[in-house]
file work_2.json (JSON, C-alpha atoms)
[["chain", "number", "residue", "atom", "x", "y", "z"],
["A", 639, "MET", "CA", -6.54, -1.55, 10.59],
["A", 640, "THR", "CA", -8.39, 1.73, 10.20],
["A", 641, "GLN", "CA", -11.57, 0.02, 11.25],
["A", 642, "ALA", "CA", -9.90, -1.32, 14.36],
["A", 643, "ALA", "CA", -8.56, 2.13, 15.16],
["A", 644, "ALA", "CA", -11.97, 3.61, 14.54],
["A", 645, "GLN", "CA", -13.50, 0.97, 16.77],
["A", 646, "ARG", "CA", -11.25, 1.88, 19.67],
["A", 647, "ARG", "CA", -12.18, 5.51, 19.24],
["A", 648, "GLY", "CA", -15.90, 4.91, 19.25],
["A", 649, "GLY", "CA", -15.78, 2.10, 21.79],
["A", 650, "GLY", "CA", -18.67, 0.38, 20.02],
["A", 651, "GLY", "CA", -19.14, -2.76, 17.96],
["A", 652, "TRP", "CA", -18.45, -3.22, 14.28],
["A", 653, "HIS", "CA", -21.95, -2.27, 13.26],
["A", 654, "ARG", "CA", -21.38, 1.30, 14.43],
["A", 655, "PHE", "CA", -18.98, 1.74, 11.53],
["A", 656, "ALA", "CA", -21.14, 0.01, 8.96],
["A", 657, "ASN", "CA", -22.72, 3.42, 8.56],
["A", 658, "PRO", "CA", -20.89, 5.17, 5.68],
["A", 659, "ALA", "CA", -21.74, 8.60, 7.08],
["A", 660, "ARG", "CA", -20.02, 7.76, 10.34],
["A", 661, "PHE", "CA", -17.05, 6.33, 8.46],
["A", 662, "ARG", "CA", -16.86, 9.53, 6.41],
["A", 663, "ARG", "CA", -16.72, 11.69, 9.54],
["A", 664, "ILE", "CA", -14.01, 9.57, 11.15],
["A", 665, "ALA", "CA", -12.03, 9.28, 7.91],
["A", 666, "GLY", "CA", -12.32, 13.01, 7.36],
["A", 667, "ALA", "CA", -10.82, 13.64, 10.79],
["A", 668, "VAL", "CA", -8.02, 11.07, 10.50],
["A", 669, "ALA", "CA", -6.92, 11.64, 6.87],
["A", 670, "PRO", "CA", -5.20, 15.05, 7.32],
["A", 671, "TRP", "CA", -3.24, 13.73, 10.31],
["A", 672, "ALA", "CA", -2.19, 10.59, 8.47],
["A", 673, "SER", "CA", -1.08, 12.65, 5.44],
["A", 674, "GLY", "CA", 0.93, 15.10, 7.56],
["A", 675, "LEU", "CA", 2.48, 12.30, 9.57],
["A", 676, "ALA", "CA", 3.43, 10.43, 6.37],
["A", 677, "VAL", "CA", 5.23, 13.46, 4.91],
["A", 678, "ALA", "CA", 7.03, 14.24, 8.19],
["A", 679, "LEU", "CA", 8.13, 10.65, 8.84],
["A", 680, "LEU", "CA", 9.26, 10.05, 5.25],
["A", 681, "LEU", "CA", 11.36, 13.25, 5.26],
["A", 682, "LEU", "CA", 12.84, 12.39, 8.65],
["A", 683, "GLY", "CA", 13.51, 8.82, 7.52],
["A", 684, "LEU", "CA", 15.31, 10.03, 4.38],
["A", 685, "ALA", "CA", 17.42, 12.47, 6.42],
["A", 686, "LEU", "CA", 18.38, 9.74, 8.91],
["A", 687, "GLY", "CA", 18.95, 7.22, 6.12],
["A", 688, "PHE", "CA", 21.31, 9.45, 4.15],
["A", 689, "PHE", "CA", 23.02, 11.55, 6.84],
["A", 690, "VAL", "CA", 23.00, 9.56, 10.08],
["A", 691, "ALA", "CA", 23.17, 5.91, 9.01],
["A", 692, "PRO", "CA", 26.71, 4.82, 8.11],
["A", 693, "ALA", "CA", 27.72, 2.89, 5.00],
["A", 694, "ASP", "CA", 27.82, -0.87, 5.60],
["A", 695, "TYR", "CA", 31.25, -2.46, 6.03],
["A", 696, "GLN", "CA", 30.39, -5.15, 3.47],
["A", 697, "GLN", "CA", 27.76, -3.54, 1.25],
["A", 698, "GLY", "CA", 29.07, 0.04, 1.24],
["A", 699, "GLU", "CA", 26.58, 2.75, 0.28],
["A", 700, "THR", "CA", 24.20, 0.27, -1.38],
["A", 701, "VAL", "CA", 22.90, -0.58, 2.08],
["A", 702, "ARG", "CA", 20.87, 2.65, 1.93],
["A", 703, "ILE", "CA", 18.59, 0.91, -0.59],
["A", 704, "MET", "CA", 17.41, -1.07, 2.44],
["A", 705, "PHE", "CA", 15.58, 2.02, 3.74],
["A", 706, "VAL", "CA", 13.10, 1.84, 0.87],
["A", 707, "HIS", "CA", 13.37, -1.84, -0.07],
["A", 708, "VAL", "CA", 12.54, -3.35, 3.32],
["A", 709, "PRO", "CA", 9.58, -1.05, 4.20],
["A", 710, "SER", "CA", 8.18, -1.62, 0.69],
["A", 711, "ALA", "CA", 8.40, -5.39, 1.14],
["A", 712, "TRP", "CA", 6.88, -5.24, 4.65],
["A", 713, "MET", "CA", 3.99, -3.13, 3.35],
["A", 714, "ALA", "CA", 3.51, -5.45, 0.35],
["A", 715, "LEU", "CA", 2.86, -8.30, 2.80],
["A", 716, "PHE", "CA", 0.92, -6.14, 5.27],
["A", 717, "CYS", "CA", -1.43, -4.85, 2.54],
["A", 718, "TYR", "CA", -2.12, -8.35, 1.29],
["A", 719, "THR", "CA", -2.81, -9.61, 4.81],
["A", 720, "ALA", "CA", -5.21, -6.71, 5.40],
["A", 721, "LEU", "CA", -6.80, -7.34, 1.98],
["A", 722, "ALA", "CA", -7.39, -11.01, 2.80],
["A", 723, "ALA", "CA", -8.73, -10.13, 6.29],
["A", 724, "ALA", "CA", -11.13, -7.56, 4.84],
["A", 725, "SER", "CA", -12.22, -10.11, 2.23],
["A", 726, "ALA", "CA", -12.93, -12.66, 4.96],
["A", 727, "ALA", "CA", -14.91, -10.03, 6.89],
["A", 728, "SER", "CA", -16.89, -9.35, 3.75],
["A", 729, "LEU", "CA", -17.73, -13.03, 3.16],
["A", 730, "ILE", "CA", -18.42, -13.99, 6.77],
["A", 731, "TRP", "CA", -20.02, -10.90, 8.33],
["A", 732, "LYS", "CA", -21.13, -9.09, 5.17],
["A", 733, "HIS", "CA", -19.65, -5.94, 6.64],
["A", 734, "PRO", "CA", -20.51, -3.22, 4.11],
["A", 735, "LEU", "CA", -17.18, -1.41, 4.49],
["A", 736, "ALA", "CA", -15.08, -4.56, 4.13],
["A", 737, "ASP", "CA", -15.37, -4.76, 0.33],
["A", 738, "VAL", "CA", -14.75, -1.05, 0.09],
["A", 739, "ALA", "CA", -11.58, -1.36, 2.18],
["A", 740, "ALA", "CA", -10.35, -4.45, 0.31],
["A", 741, "ARG", "CA", -10.83, -2.90, -3.09],
["A", 742, "ALA", "CA", -9.14, 0.33, -1.99],
["A", 743, "MET", "CA", -6.10, -1.54, -0.62],
["A", 744, "ALA", "CA", -5.24, -3.48, -3.77],
["A", 745, "PRO", "CA", -3.54, -0.72, -5.81],
["A", 746, "ILE", "CA", -1.61, 0.46, -2.73],
["A", 747, "GLY", "CA", -0.29, -3.07, -2.17],
["A", 748, "ALA", "CA", 0.56, -3.40, -5.85],
["A", 749, "VAL", "CA", 2.64, -0.21, -5.72],
["A", 750, "PHE", "CA", 4.56, -1.39, -2.64],
["A", 751, "THR", "CA", 5.18, -4.80, -4.23],
["A", 752, "ALA", "CA", 6.46, -3.19, -7.43],
["A", 753, "GLN", "CA", 8.78, -1.03, -5.32],
["A", 754, "ALA", "CA", 10.12, -4.04, -3.46],
["A", 755, "LEU", "CA", 10.88, -5.77, -6.79],
["A", 756, "ILE", "CA", 12.47, -2.72, -8.47],
["A", 757, "THR", "CA", 14.64, -1.74, -5.49],
["A", 758, "GLY", "CA", 15.51, -5.40, -4.96],
["A", 759, "ALA", "CA", 16.82, -5.67, -8.53],
["A", 760, "LEU", "CA", 18.80, -2.43, -8.09],
["A", 761, "TRP", "CA", 20.31, -3.82, -4.89],
["A", 762, "GLY", "CA", 20.85, -7.33, -6.30],
["A", 763, "GLN", "CA", 22.90, -6.25, -9.30],
["A", 764, "PRO", "CA", 25.80, -4.66, -7.34],
["A", 765, "MET", "CA", 25.68, -7.12, -4.40],
["A", 766, "TRP", "CA", 24.80, -10.48, -5.98],
["A", 767, "GLY", "CA", 25.93, -9.70, -9.54],
["A", 768, "THR", "CA", 22.44, -10.22, -10.96],
["A", 769, "TRP", "CA", 19.23, -8.22, -11.30],
["A", 770, "TRP", "CA", 17.03, -11.24, -10.92],
["A", 771, "VAL", "CA", 17.08, -14.94, -9.99],
["A", 772, "TRP", "CA", 14.14, -17.33, -10.14],
["A", 773, "ASP", "CA", 14.51, -18.35, -6.50],
["A", 774, "ALA", "CA", 11.75, -18.84, -3.94],
["A", 775, "ARG", "CA", 11.77, -15.35, -2.39],
["A", 776, "LEU", "CA", 11.92, -13.33, -5.59],
["A", 777, "THR", "CA", 9.49, -15.55, -7.48],
["A", 778, "SER", "CA", 6.91, -15.60, -4.65],
["A", 779, "VAL", "CA", 7.01, -11.77, -4.46],
["A", 780, "LEU", "CA", 6.45, -11.60, -8.23],
["A", 781, "VAL", "CA", 3.45, -13.90, -7.72],
["A", 782, "LEU", "CA", 2.21, -11.44, -5.06],
["A", 783, "LEU", "CA", 2.31, -8.63, -7.64],
["A", 784, "PHE", "CA", 0.29, -10.78, -10.06],
["A", 785, "LEU", "CA", -2.21, -11.55, -7.28],
["A", 786, "TYR", "CA", -2.77, -7.83, -6.71],
["A", 787, "LEU", "CA", -3.10, -7.16, -10.45],
["A", 788, "GLY", "CA", -5.40, -10.17, -10.91],
["A", 789, "TYR", "CA", -7.57, -9.00, -8.01],
["A", 790, "MET", "CA", -7.89, -5.53, -9.57],
["A", 791, "ALA", "CA", -8.62, -7.00, -13.02],
["A", 792, "LEU", "CA", -11.34, -9.27, -11.58],
["A", 793, "TRP", "CA", -13.13, -6.28, -10.04],
["A", 794, "GLN", "CA", -13.08, -4.63, -13.47],
["A", 795, "ALA", "CA", -14.23, -7.76, -15.28],
["A", 796, "ILE", "CA", -17.45, -8.49, -13.35],
["A", 797, "GLU", "CA", -20.24, -5.98, -13.90],
["A", 798, "ASP", "CA", -22.48, -6.77, -10.89],
["A", 799, "PRO", "CA", -20.73, -5.25, -7.82],
["A", 800, "ALA", "CA", -22.08, -7.90, -5.41],
["A", 801, "LYS", "CA", -20.84, -10.77, -7.58],
["A", 802, "ALA", "CA", -17.52, -9.03, -8.18],
["A", 803, "ALA", "CA", -17.05, -8.51, -4.43],
["A", 804, "LYS", "CA", -17.66, -12.19, -3.74],
["A", 805, "ALA", "CA", -15.37, -13.50, -6.49],
["A", 806, "CYS", "CA", -12.62, -11.06, -5.51],
["A", 807, "ALA", "CA", -12.91, -11.96, -1.83],
["A", 808, "ILE", "CA", -12.47, -15.65, -2.67],
["A", 809, "LEU", "CA", -9.45, -14.89, -4.89],
["A", 810, "ALA", "CA", -7.90, -12.76, -2.12],
["A", 811, "ILE", "CA", -8.37, -15.46, 0.54],
["A", 812, "VAL", "CA", -7.01, -18.26, -1.66],
["A", 813, "GLY", "CA", -4.05, -16.07, -2.61],
["A", 814, "PHE", "CA", -3.20, -15.52, 1.06],
["A", 815, "VAL", "CA", -1.39, -18.88, 1.03],
["A", 816, "ASN", "CA", 1.41, -16.99, -0.76],
["A", 817, "VAL", "CA", 2.05, -14.69, 2.23],
["A", 818, "PRO", "CA", 3.64, -17.28, 4.59],
["A", 819, "ILE", "CA", 5.48, -18.71, 1.56],
["A", 820, "ILE", "CA", 7.11, -15.30, 1.01],
["A", 821, "LYS", "CA", 7.87, -14.81, 4.70],
["A", 822, "PHE", "CA", 9.49, -18.21, 5.22],
["A", 823, "SER", "CA", 10.90, -18.74, 1.71],
["A", 824, "VAL", "CA", 14.33, -17.60, 2.90],
["A", 825, "ASP", "CA", 14.33, -20.30, 5.60],
["A", 826, "TRP", "CA", 12.72, -23.13, 3.63],
["A", 827, "TRP", "CA", 14.71, -22.94, 0.39],
["A", 828, "ASN", "CA", 18.21, -22.05, -0.72],
["A", 829, "THR", "CA", 18.21, -18.47, -1.88],
["A", 830, "LEU", "CA", 20.50, -15.54, -2.54],
["A", 831, "HIS", "CA", 18.17, -13.42, -0.43],
["A", 832, "GLN", "CA", 19.29, -12.93, 3.16],
["A", 833, "PRO", "CA", 17.02, -14.10, 6.01],
["A", 834, "ALA", "CA", 15.13, -11.71, 8.28],
["A", 835, "SER", "CA", 17.36, -9.42, 10.32],
["A", 836, "VAL", "CA", 14.83, -7.19, 12.09],
["A", 837, "LEU", "CA", 11.83, -9.42, 12.87],
["A", 838, "THR", "CA", 13.70, -12.32, 14.44],
["A", 839, "THR", "CA", 13.00, -14.22, 17.63],
["A", 840, "GLU", "CA", 16.25, -12.90, 19.12],
["A", 841, "GLY", "CA", 15.40, -9.30, 18.26],
["A", 842, "PRO", "CA", 16.88, -7.05, 15.58],
["A", 843, "LYS", "CA", 20.33, -7.99, 14.35],
["A", 844, "ILE", "CA", 21.19, -4.65, 12.82],
["A", 845, "HIS", "CA", 22.82, -1.69, 14.54],
["A", 846, "ALA", "CA", 20.67, 1.11, 15.97],
["A", 847, "SER", "CA", 22.16, 3.65, 13.53],
["A", 848, "MET", "CA", 20.60, 1.65, 10.69],
["A", 849, "LEU", "CA", 17.58, 0.29, 12.58],
["A", 850, "TRP", "CA", 16.15, 3.72, 13.46],
["A", 851, "PRO", "CA", 16.08, 5.13, 9.92],
["A", 852, "LEU", "CA", 14.50, 1.85, 8.80],
["A", 853, "LEU", "CA", 11.78, 1.97, 11.46],
["A", 854, "VAL", "CA", 11.03, 5.65, 10.79],
["A", 855, "MET", "CA", 10.71, 4.94, 7.06],
["A", 856, "ALA", "CA", 8.47, 1.94, 7.82],
["A", 857, "ALA", "CA", 6.24, 4.14, 10.02],
["A", 858, "GLY", "CA", 6.11, 6.72, 7.22],
["A", 859, "PHE", "CA", 5.04, 4.03, 4.74],
["A", 860, "LYS", "CA", 2.33, 2.92, 7.18],
["A", 861, "ALA", "CA", 1.00, 6.48, 7.58],
["A", 862, "TYR", "CA", 1.06, 6.88, 3.78],
["A", 863, "PHE", "CA", -0.95, 3.66, 3.49],
["A", 864, "VAL", "CA", -3.61, 4.96, 5.91],
["A", 865, "ALA", "CA", -3.87, 8.32, 4.13],
["A", 866, "VAL", "CA", -4.22, 6.82, 0.62],
["A", 867, "LEU", "CA", -6.55, 4.07, 1.87],
["A", 868, "LEU", "CA", -8.97, 6.57, 3.44],
["A", 869, "LEU", "CA", -9.00, 8.64, 0.25],
["A", 870, "ARG", "CA", -9.61, 5.63, -1.99],
["A", 871, "MET", "CA", -12.33, 4.28, 0.35],
["A", 872, "ARG", "CA", -14.11, 7.63, 0.08],
["A", 873, "THR", "CA", -14.04, 7.33, -3.73],
["A", 874, "GLU", "CA", -15.42, 3.76, -3.52],
["A", 875, "LEU", "CA", -18.27, 4.92, -1.25],
["A", 876, "ASP", "CA", -19.07, 7.83, -3.59],
["A", 877, "GLY", "CA", -19.08, 5.31, -6.45],
["A", 878, "ALA", "CA", -21.64, 3.14, -4.64],
["A", 879, "ARG", "CA", -23.82, 6.20, -4.01],
["A", 880, "LEU", "CA", -23.47, 7.20, -7.66],
["A", 881, "ARG", "CA", -24.67, 3.76, -8.81],
["A", 882, "ALA", "CA", -27.62, 3.91, -6.40],
["A", 883, "LEU", "CA", -28.65, 7.37, -7.60],
["A", 884, "GLU", "CA", -28.30, 6.40, -11.24],
["A", 885, "SER", "CA", -30.65, 3.46, -10.80],
["A", 886, "ARG", "CA", -33.13, 5.69, -8.94],
["A", 887, "LEU", "CA", -32.93, 8.12, -11.83],
["A", 888, "ALA", "CA", -33.49, 5.34, -14.35],
["A", 889, "ALA", "CA", -36.55, 4.17, -12.37],
["A", 890, "ALA", "CA", -37.99, 7.70, -12.20],
["A", 891, "GLU", "CA", -37.82, 8.19, -15.97],
["B", 774, "MET", "CA", 31.84, 20.90, -3.04],
["B", 775, "GLN", "CA", 33.95, 17.77, -2.73],
["B", 776, "THR", "CA", 31.67, 16.38, -0.02],
["B", 777, "PHE", "CA", 28.62, 17.06, -2.16],
["B", 778, "ARG", "CA", 30.22, 15.15, -5.03],
["B", 779, "ASP", "CA", 31.09, 12.30, -2.67],
["B", 780, "PHE", "CA", 27.53, 12.24, -1.44],
["B", 781, "PHE", "CA", 26.13, 12.14, -4.95],
["B", 782, "ASP", "CA", 28.63, 9.45, -5.96],
["B", 783, "MET", "CA", 27.40, 7.08, -3.19],
["B", 784, "GLY", "CA", 30.73, 5.28, -3.03],
["B", 785, "GLY", "CA", 30.50, 4.41, -6.74],
["B", 786, "TYR", "CA", 26.97, 2.99, -6.39],
["B", 787, "ALA", "CA", 25.08, 6.12, -7.50],
["B", 788, "ALA", "CA", 23.56, 4.21, -10.44],
["B", 789, "PHE", "CA", 21.85, 1.81, -8.00],
["B", 790, "VAL", "CA", 21.07, 3.93, -4.94],
["B", 791, "TRP", "CA", 19.45, 6.98, -6.60],
["B", 792, "PRO", "CA", 17.21, 5.05, -9.02],
["B", 793, "SER", "CA", 15.92, 3.00, -6.05],
["B", 794, "PHE", "CA", 14.81, 6.11, -4.20],
["B", 795, "ALA", "CA", 13.58, 7.78, -7.40],
["B", 796, "ALA", "CA", 11.45, 4.74, -8.36],
["B", 797, "CYS", "CA", 9.76, 4.73, -4.94],
["B", 798, "ALA", "CA", 9.18, 8.50, -5.03],
["B", 799, "VAL", "CA", 7.68, 8.33, -8.53],
["B", 800, "LEU", "CA", 5.40, 5.37, -7.74],
["B", 801, "MET", "CA", 4.20, 6.70, -4.39],
["B", 802, "ILE", "CA", 3.55, 10.21, -5.71],
["B", 803, "ALA", "CA", 1.83, 8.83, -8.82],
["B", 804, "LEU", "CA", -0.53, 6.78, -6.65],
["B", 805, "VAL", "CA", -1.45, 9.84, -4.56],
["B", 806, "VAL", "CA", -2.02, 12.00, -7.65],
["B", 807, "SER", "CA", -4.16, 9.37, -9.41],
["B", 808, "SER", "CA", -6.17, 8.75, -6.20],
["B", 809, "VAL", "CA", -6.84, 12.49, -5.77],
["B", 810, "LEU", "CA", -7.85, 12.93, -9.44],
["B", 811, "ARG", "CA", -10.10, 9.87, -9.24],
["B", 812, "GLN", "CA", -11.82, 11.27, -6.14],
["B", 813, "ARG", "CA", -12.34, 14.66, -7.83],
["B", 814, "ARG", "CA", -13.81, 13.08, -10.96],
["B", 815, "MET", "CA", -16.12, 10.92, -8.85],
["B", 816, "ARG", "CA", -17.22, 13.91, -6.75],
["B", 817, "ALA", "CA", -18.01, 15.92, -9.90],
["B", 818, "ARG", "CA", -20.09, 13.09, -11.38],
["B", 819, "LEU", "CA", -21.88, 12.58, -8.08],
["B", 820, "ASP", "CA", -22.75, 16.30, -7.81],
["B", 821, "GLU", "CA", -24.15, 16.18, -11.34],
["B", 822, "VAL", "CA", -26.29, 13.11, -10.72],
["B", 823, "GLU", "CA", -27.48, 14.44, -7.34],
["B", 824, "LYS", "CA", -28.69, 17.56, -9.11],
["B", 825, "LEU", "CA", -30.51, 15.45, -11.74],
["B", 826, "VAL", "CA", -32.17, 13.35, -9.04],
["B", 827, "ARG", "CA", -33.35, 16.47, -7.19],
["B", 828, "HIS", "CA", -34.82, 17.79, -10.44],
["B", 829, "ALA", "CA", -36.51, 14.51, -11.34],
["B", 830, "GLU", "CA", -38.01, 13.97, -7.90],
["B", 831, "GLY", "CA", -38.90, 17.67, -7.52],
["B", 832, "ASP", "CA", -40.83, 17.47, -10.80],
["B", 833, "GLU", "CA", -42.73, 14.42, -9.58],
["B", 834, "ALA", "CA", -43.73, 16.17, -6.36],
["B", 835, "ALA", "CA", -44.95, 19.21, -8.33]]
call {"tool": "encode", "arguments": {"input": "work_2.json", "output": "C-alpha cells"}}
result
Amino acid sequence: MTQAAAQRRGGGGWHRFANPARFRRIAGAVAPWASGLAVALLLLGLALGFFVAPADYQQGETVRIMFVHVPSAWMALFCYTALAAASAASLIWKHPLADVAARAMAPIGAVFTAQALITGALWGQPMWGTWWVWDARLTSVLVLLFLYLGYMALWQAIEDPAKAAKACAILAIVGFVNVPIIKFSVDWWNTLHQPASVLTTEGPKIHASMLWPLLVMAAGFKAYFVAVLLLRMRTELDGARLRALESRLAAAE
Amino acid sequence: MQTFRDFFDMGGYAAFVWPSFAACAVLMIALVVSSVLRQRRMRARLDEVEKLVRHAEGDEAA
C-alpha cells in the first residue's frame, strides 16, 4: 500500500522505488505524518467510542469491545493480504523492496490477529457464555496467527537471506487460501460468530452513532500500520546494508 | 462521582470491556517500543561497521 501511495506521488513506474535511498526519503517524509495521524485518530476514536456511541440494546456496554475487536480483525486480514501480495511481487518481479515490506508486515499482522482473538474471547464470554469455540471463524483466525508466527520463524530459520525470502514468499502465498476462508466462514458454516454488518452488499447495517467511532478507529489502526511498517522497513534495509558491509569487511581482511 | 463510577462499571461488564482495550493498548505500544529499539540497535551497529569499513579501505588506499 505504501508503495502504491509512493508511486502516485512520484508518478513513475515501480523501478523508481526499487532504489532504497529514494524509499528512505519518501518514508522519512511520510512516517511522522502517519504517526501523528495514528495518535490523533485513535484518541478521537476512543472518545467517540466511549462518550458518543450508545450502549447496544441487546449487548449493553460490551458492544464497545467492537471498536477494538473489529478494526483488529480487519487489519489482521488486510496485513495478510498485503503480505501475500508483497510476496508475489517478490517472486514474480524480484522487486527489491517487496521482501523488505513483507518481512516488516508479519509482526504487525500477528499483533492485530492476537488482538482480534483476545478481544473476541473477552466479548464471547459475556455474550455467548464461552471464551472460545472451535468453530470455523475462530479456528481459521487462530490458523492465521500461526501462519504469521510460522512465517516469522521461517525467516529466522534460514540463514541465506535470498533463500529465506523465497521460502517465506511461497509460505505466505500458500497461506493466503485462509483469508477467504476467514471472510466467508460465517456464511459457509454454522457459527456463533455474527455475519458481516459493515461490509455488506446492502451497505452498513449498524447505526451511524456506532459506525463512525468504528470507522475512525479503523482509520487509526491503518495509520498505525503505515507508521510501524515504514519504521520496520527502515530497519530491514539497514540490516541488508549491514550484511553487505560486513562481507566487504571480511573480504578486505 | 456517581457518573464516573457508572462509567467505570460499564453496565456490569467492566471485567470484559476494560481488559479488551488494555490488551490492545499494551500490544500496540509494545510493538512500537520494540520496533524503535530494534531500529536504534541496528543503527548503532551500522555506524560501527561503517566506521570499520572506512578505516579498512582508508588503510588500503594509504
call {"tool": "interface_residues", "arguments": {"input": "work_2.json", "of": "chain A", "to": "chain B", "cutoff": "9 Å", "atoms": "only C-alpha atoms", "output": "PyMOL selection string"}}
result
chain A and resi 688+693+698-703+705-707+710+745-746+749-750+752-754+756-758+760-761+763-764+862+866+869-870+872-874+876-877+879-880+883-884+886-887+890-891
call {"tool": "atom_distance", "arguments": {"input": "work_2.json", "atom1": "atom CA of Ala711 of chain A", "atom2": "atom CA of Gly683 of chain A"}}
result
16.4 Å
call {"tool": "atom_distance", "arguments": {"input": "work_2.json", "atom1": "atom CA of Ala865 of chain A", "atom2": "atom CA of Leu682 of chain A"}}
result
17.8 Å
call {"tool": "atom_distance", "arguments": {"input": "work_2.json", "atom1": "atom CA of Ala805 of chain A", "atom2": "atom CA of Asn657 of chain A"}}
result
23.8 Å
call {"tool": "closest_residue", "arguments": {"input": "work_2.json", "among": "A:Ala740, A:Ala856, A:Ile820, A:Ala861", "to": "Leu776 of chain A", "atoms": "all atoms listed in the file"}}
result
A:Ile820
call {"tool": "closest_residue", "arguments": {"input": "work_2.json", "among": "A:Tyr695, A:Phe814, A:Trp827, A:Phe784", "to": "Phe716 of chain A", "atoms": "all atoms listed in the file"}}
result
A:Phe814
call {"tool": "residues_around", "arguments": {"input": "work_2.json", "residues": "His831 of chain A", "least_positions_apart": "5", "cutoff": "10 Å", "atoms": "all atoms listed in the file", "output": "list in words"}}
result
Gly758, Gly762, Trp766, Val771, Asp773, Ala774, Arg775, Leu776, Ser823, Val824 and Asp825 of chain A
call {"tool": "axis_aligned_box", "arguments": {"input": "work_2.json", "around": "segment 807-826 of chain B", "padding_each_side": "4 Å", "output": "JSON"}}
result
{"center_x": -18.2, "center_y": 13.2, "center_z": -8.8, "size_x": 36.0, "size_y": 16.8, "size_z": 14.0}
